[in-house]
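S.K.: Sharing a structure with you now.
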Amino acid sequence: MRHISTKSNIMVAEVPTGFADIYEKPYFAVEYQEEIKKANLLLIPSENIREGMEPVFPEFTSDFLRYLRANAGEGVVVDIAVDDANYRRLVLHSSPVALATMVVRDKILEQCADLVVGFLKEMADGNQRYEDEMDTYVNIIVEGEDFIRKIMFTGRVSECREALDLAIQEVFRGGAR
Amino acid sequence: MTITEIEQFLKKQNQIFPDDIIREIEQKRAEAIKAQNEEEANEYWRLAVIYYVQKGYITMYNMVRSKNYRMAWETLRQTDMQLVTLGRNFSIGTSLDDPYHLVYIRDMLNKYELLFPYEIFVCRESLIKEQKCSICGETVKLRGGCNHVPGKIYMGELCMHETTDFEYKDLKAVRDPFDKFEILEPYEPKEMTYSFALLEMLMGSLRSPYEYWEVEIVRDKNPEYARVGRNDKCPCGSGKKFKHCCMNDEKKMYFDHYKIRMMNEPGENVDQPLRMI
Ligand SMILES: [Zn+2]
Ligand SMILES: [Zn+2]
């Protein structure tokens, strides 16, 4: 865990679950698998966030997905791992804006970070909030040739860019802390 | 009434909002929709929201004046939401170019919000399962659905994704929710009664809802500790030396208070007696 400031935390850790494991999940939309397997930026639900609760996405996932689809640059293929029947959004009304967990290929990690920061900025502007008053949770699972690592950020939207840049260096340096 | 006359009305600092004005706007909007004139329909939507924002602001002000704080708070939140929706579709202006007083109202709403004492809000956690688009009536889909974006206007109508299937999960009390709508009523009136002293004080100094004022948070040293030397006995009665006791405790040493500063024009710092609490 690295503290960027008293208000934000960033962490990089080894995790076991990558693209291939997602394709085997019970929530995975088999009927769209051909499409979904082309994605290198895939949104997945959170499992077991509460005892007995089905896999759920955060409140603003539809807006996030719309933003990603509209702004994904060349080489970035966006999709979501579920179909409509399994698309459940948990509305918490909590102040931190939680983003759906992303699973991405390492070669598009930089672009993914740009999209995340762009979306959060748009959220802040659209709600007439200041970036240094708005909190967020960002989780990105990065899969490379021989590693799967997860970036976890919690903190101020205004500090997200700097934190993600640090985390990206960390991911490619190969260290996990 | 022509569109210019409606605009003229909305450019004034109104305190009374006759119903016939909004009826006129709504009728014109309906006509434009019928004629499928999107530009005009959207323009009347804009004027309607400007009317509601101005009216909401004045309503909130009058409610604070009459000490109806709970309703004032709800009106404040709703008006703020309307302004946000307006801002997603049209420019609301800048402080230098603010013909409809929207920038002024937005700033004021933020300031009033600071003066309300509400801290804890009830949030209903729920699971959204299905939504419908208010523009085309289609079920919202992840793949191949309609392209209407919630919060945007189409032919004079606001697109909303209305939840048609959901499940309540939990009721929670939170300190800083994204939408501050439902206030938690104090369970124990003695322990947690909200104080509206700041709003009362403000109302004592304001003559009109369109005056300018500022809130400042000032940090002052607690007078009890002001003249204590490092090696003196701590005034709190602990028997320890000051430097080993309260001197290190920010909460005891300092306290925040609010100053409300009246101004004649935005940015102008007029010499008026400072009011403090
Ligand atoms: Zn639609
Ligand atoms: Zn002491």
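Numbering starts fresh at 1 for the residues of each chain in the structure tokens, the chains themselves are lettered A, B, ... in the order given, and ligands are numbered from 1 as they appear.
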Could you list, as a PyMOL selection string, all the residues within 7 Å of ligand 1, counting only C-alpha atoms and all ligand atoms?
M.R.: chain B and resi 133-138+146-148
S.K.: Keeping only C-alpha atoms, write the selected residues to a file as an mmCIF file, in the first residue's frame.
M.R.:
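Result file follows (again-v1.cif):
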```cif
data_model
loop_
_atom_site.group_PDB
_atom_site.id
_atom_site.type_symbol
_atom_site.label_atom_id
_atom_site.label_comp_id
_atom_site.auth_asym_id
_atom_site.auth_seq_id
_atom_site.Cartn_x
_atom_site.Cartn_y
_atom_site.Cartn_z
ATOM 1 C CA CYS B 133 -35.848 4.897 -21.529
ATOM 2 C CA SER B 134 -38.294 7.792 -21.024
ATOM 3 C CA ILE B 135 -37.806 9.026 -24.576
ATOM 4 C CA CYS B 136 -38.534 5.897 -26.615
ATOM 5 C CA GLY B 137 -40.031 3.615 -23.970
ATOM 6 C CA GLU B 138 -37.584 0.819 -24.811
ATOM 7 C CA CYS B 146 -31.456 2.829 -27.955
ATOM 8 C CA ASN B 147 -28.836 5.567 -27.968
ATOM 9 C CA HIS B 148 -30.642 8.095 -25.796
#
```
S.K.: Leaving out Phe255 (chain B) and any residue of its chain fewer than 6 positions from it, which residues lie within 7 Å of it when counting only C-alpha atoms, given as a list in words?
M.R.: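 Here the qualifying residues turn out to be Arg219, Asp220, Lys221 and Asn222 of chain B.
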S.K.: With N, CA, C and O atoms retained, export the selected residues as a PDB file, in the first residue's frame.
M.R.:
```
ATOM      1  N   ARG B 219     -10.526  29.925  11.840  1.00  0.00           N
ATOM      2  CA  ARG B 219     -10.020  29.067  12.903  1.00  0.00           C
ATOM      3  C   ARG B 219      -9.437  29.968  13.990  1.00  0.00           C
ATOM      4  O   ARG B 219      -8.558  30.776  13.722  1.00  0.00           O
ATOM      5  N   ASP B 220      -9.954  29.860  15.181  1.00  0.00           N
ATOM      6  CA  ASP B 220      -9.469  30.703  16.273  1.00  0.00           C
ATOM      7  C   ASP B 220      -8.959  29.863  17.423  1.00  0.00           C
ATOM      8  O   ASP B 220      -9.401  28.747  17.636  1.00  0.00           O
ATOM      9  N   LYS B 221      -8.029  30.467  18.145  1.00  0.00           N
ATOM     10  CA  LYS B 221      -7.519  29.795  19.337  1.00  0.00           C
ATOM     11  C   LYS B 221      -8.571  29.898  20.437  1.00  0.00           C
ATOM     12  O   LYS B 221      -9.189  30.942  20.622  1.00  0.00           O
ATOM     13  N   ASN B 222      -8.734  28.833  21.131  1.00  0.00           N
ATOM     14  CA  ASN B 222      -9.638  28.819  22.255  1.00  0.00           C
ATOM     15  C   ASN B 222      -9.134  29.813  23.308  1.00  0.00           C
ATOM     16  O   ASN B 222      -8.015  29.692  23.781  1.00  0.00           O
TER      17      ASN B 222
END
```
S.K.: Could you report the residues within 12 Å of ligand 2, using only C-alpha atoms and all ligand atoms, as a ChimeraX atom specification?
M.R.: /B:224-225,228,230-253
S.K.: Give me, as a ChimeraX atom specification, the contact residues of chain B against chain A at a cut-off of 9 Å, counting only C-alpha atoms.
M.R.: /B:81,84-85,87-88,123-130,140-143,149-150,169,172,174-180
S.K.: When you draw a straight line from CA of Ile50 (chain B) to CA of Lys111 (chain B), how long is it in Å?
M.R.: 19.7 Å
S.K.: Can you list, as number ranges by chain, every residue of region 36-136 of chain A that DSSP puts in strand (DSSP E)?
M.R.: A: 41-44, 57-58, 78-80, 89-91, 97-98, 101-105, 135-136
S.K.: When you look at region 5-14 of chain A with a cut-off of 8 Å (counting only C-alpha atoms), what residues show up, excluding the ones that are within fewer than 4 positions of it in the same chain? I need them as a list in words.
M.R.: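 Answer for this query is Met1, Phe147, Ile148, Arg149, Lys150, Ile151, Met152, Phe153, Thr154, Gly155, Arg156, Glu159, Ala163, Leu164, Ala167, Glu170, Val171, Ala176 and Arg177 of chain A.
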S.K.: Take the residues from that selection and put them in a file with N, CA and C atoms, as a PDB file, in the first residue's frame.
M.R.:
```pdb
ATOM      1  N   MET A   1       0.835  -1.193   0.000  1.00  0.00           N
ATOM      2  CA  MET A   1       0.000   0.000   0.000  1.00  0.00           C
ATOM      3  C   MET A   1       0.868   1.239   0.000  1.00  0.00           C
ATOM      4  N   PHE A 147       2.070 -12.402 -16.179  1.00  0.00           N
ATOM      5  CA  PHE A 147       1.641 -11.905 -14.856  1.00  0.00           C
ATOM      6  C   PHE A 147       0.181 -11.452 -14.900  1.00  0.00           C
ATOM      7  N   ILE A 148      -0.429 -11.476 -13.738  1.00  0.00           N
ATOM      8  CA  ILE A 148      -1.727 -10.826 -13.555  1.00  0.00           C
ATOM      9  C   ILE A 148      -1.621 -10.008 -12.280  1.00  0.00           C
ATOM     10  N   ARG A 149      -1.802  -8.695 -12.409  1.00  0.00           N
ATOM     11  CA  ARG A 149      -1.682  -7.838 -11.238  1.00  0.00           C
ATOM     12  C   ARG A 149      -2.883  -6.909 -11.153  1.00  0.00           C
ATOM     13  N   LYS A 150      -3.181  -6.533  -9.930  1.00  0.00           N
ATOM     14  CA  LYS A 150      -4.356  -5.687  -9.741  1.00  0.00           C
ATOM     15  C   LYS A 150      -3.958  -4.353  -9.137  1.00  0.00           C
ATOM     16  N   ILE A 151      -4.457  -3.293  -9.765  1.00  0.00           N
ATOM     17  CA  ILE A 151      -4.247  -1.938  -9.253  1.00  0.00           C
ATOM     18  C   ILE A 151      -5.498  -1.546  -8.479  1.00  0.00           C
ATOM     19  N   MET A 152      -5.298  -1.081  -7.259  1.00  0.00           N
ATOM     20  CA  MET A 152      -6.440  -0.646  -6.458  1.00  0.00           C
ATOM     21  C   MET A 152      -6.202   0.774  -5.980  1.00  0.00           C
ATOM     22  N   PHE A 153      -7.115   1.643  -6.352  1.00  0.00           N
ATOM     23  CA  PHE A 153      -7.004   3.038  -5.914  1.00  0.00           C
ATOM     24  C   PHE A 153      -8.247   3.418  -5.124  1.00  0.00           C
ATOM     25  N   THR A 154      -8.052   4.035  -3.993  1.00  0.00           N
ATOM     26  CA  THR A 154      -9.176   4.665  -3.300  1.00  0.00           C
ATOM     27  C   THR A 154      -8.732   6.065  -2.929  1.00  0.00           C
ATOM     28  N   GLY A 155      -9.572   7.030  -3.213  1.00  0.00           N
ATOM     29  CA  GLY A 155      -9.192   8.386  -2.820  1.00  0.00           C
ATOM     30  C   GLY A 155      -9.780   9.446  -3.708  1.00  0.00           C
ATOM     31  N   ARG A 156      -9.140  10.594  -3.673  1.00  0.00           N
ATOM     32  CA  ARG A 156      -9.646  11.766  -4.361  1.00  0.00           C
ATOM     33  C   ARG A 156      -9.518  11.641  -5.879  1.00  0.00           C
ATOM     34  N   GLU A 159      -6.469  13.135  -7.371  1.00  0.00           N
ATOM     35  CA  GLU A 159      -5.173  12.471  -7.177  1.00  0.00           C
ATOM     36  C   GLU A 159      -5.073  11.153  -7.940  1.00  0.00           C
ATOM     37  N   ALA A 163      -1.690   8.787  -9.083  1.00  0.00           N
ATOM     38  CA  ALA A 163      -1.632   7.473  -8.452  1.00  0.00           C
ATOM     39  C   ALA A 163      -1.574   6.365  -9.506  1.00  0.00           C
ATOM     40  N   LEU A 164      -2.399   6.495 -10.554  1.00  0.00           N
ATOM     41  CA  LEU A 164      -2.412   5.464 -11.588  1.00  0.00           C
ATOM     42  C   LEU A 164      -1.072   5.425 -12.325  1.00  0.00           C
ATOM     43  N   ALA A 167       1.223   3.483 -10.258  1.00  0.00           N
ATOM     44  CA  ALA A 167       0.847   2.072 -10.265  1.00  0.00           C
ATOM     45  C   ALA A 167       1.269   1.396 -11.569  1.00  0.00           C
ATOM     46  N   GLU A 170       4.787   0.525 -11.460  1.00  0.00           N
ATOM     47  CA  GLU A 170       4.910  -0.610 -10.546  1.00  0.00           C
ATOM     48  C   GLU A 170       4.549  -1.921 -11.238  1.00  0.00           C
ATOM     49  N   VAL A 171       3.468  -1.901 -11.992  1.00  0.00           N
ATOM     50  CA  VAL A 171       3.016  -3.103 -12.692  1.00  0.00           C
ATOM     51  C   VAL A 171       4.100  -3.600 -13.639  1.00  0.00           C
ATOM     52  N   ALA A 176       5.600  -6.484  -6.663  1.00  0.00           N
ATOM     53  CA  ALA A 176       4.300  -6.405  -6.031  1.00  0.00           C
ATOM     54  C   ALA A 176       4.543  -6.083  -4.574  1.00  0.00           C
ATOM     55  N   ARG A 177       3.752  -5.184  -4.064  1.00  0.00           N
ATOM     56  CA  ARG A 177       3.979  -4.860  -2.666  1.00  0.00           C
ATOM     57  C   ARG A 177       2.734  -5.160  -1.859  1.00  0.00           C
TER      58      ARG A 177
END
```
S.K.: From the options A:Cys160, A:Leu109, A:Leu166, A:Met123, which residue's atoms come nearest to Val142 (chain A), counting only C-alpha atoms?
M.R.: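 Of A:Cys160, A:Leu109, A:Leu166, A:Met123, the one nearest Val142 (chain A), counting only C-alpha atoms, is A:Leu109.
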S.K.: Using only C-alpha atoms for the distances, tell me which of B:Phe90, B:Tyr112, B:Phe166, B:Tyr194 is nearest to Val64 (chain B).
M.R.: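 Result for the nearest residue to Val64 (chain B): B:Tyr112.
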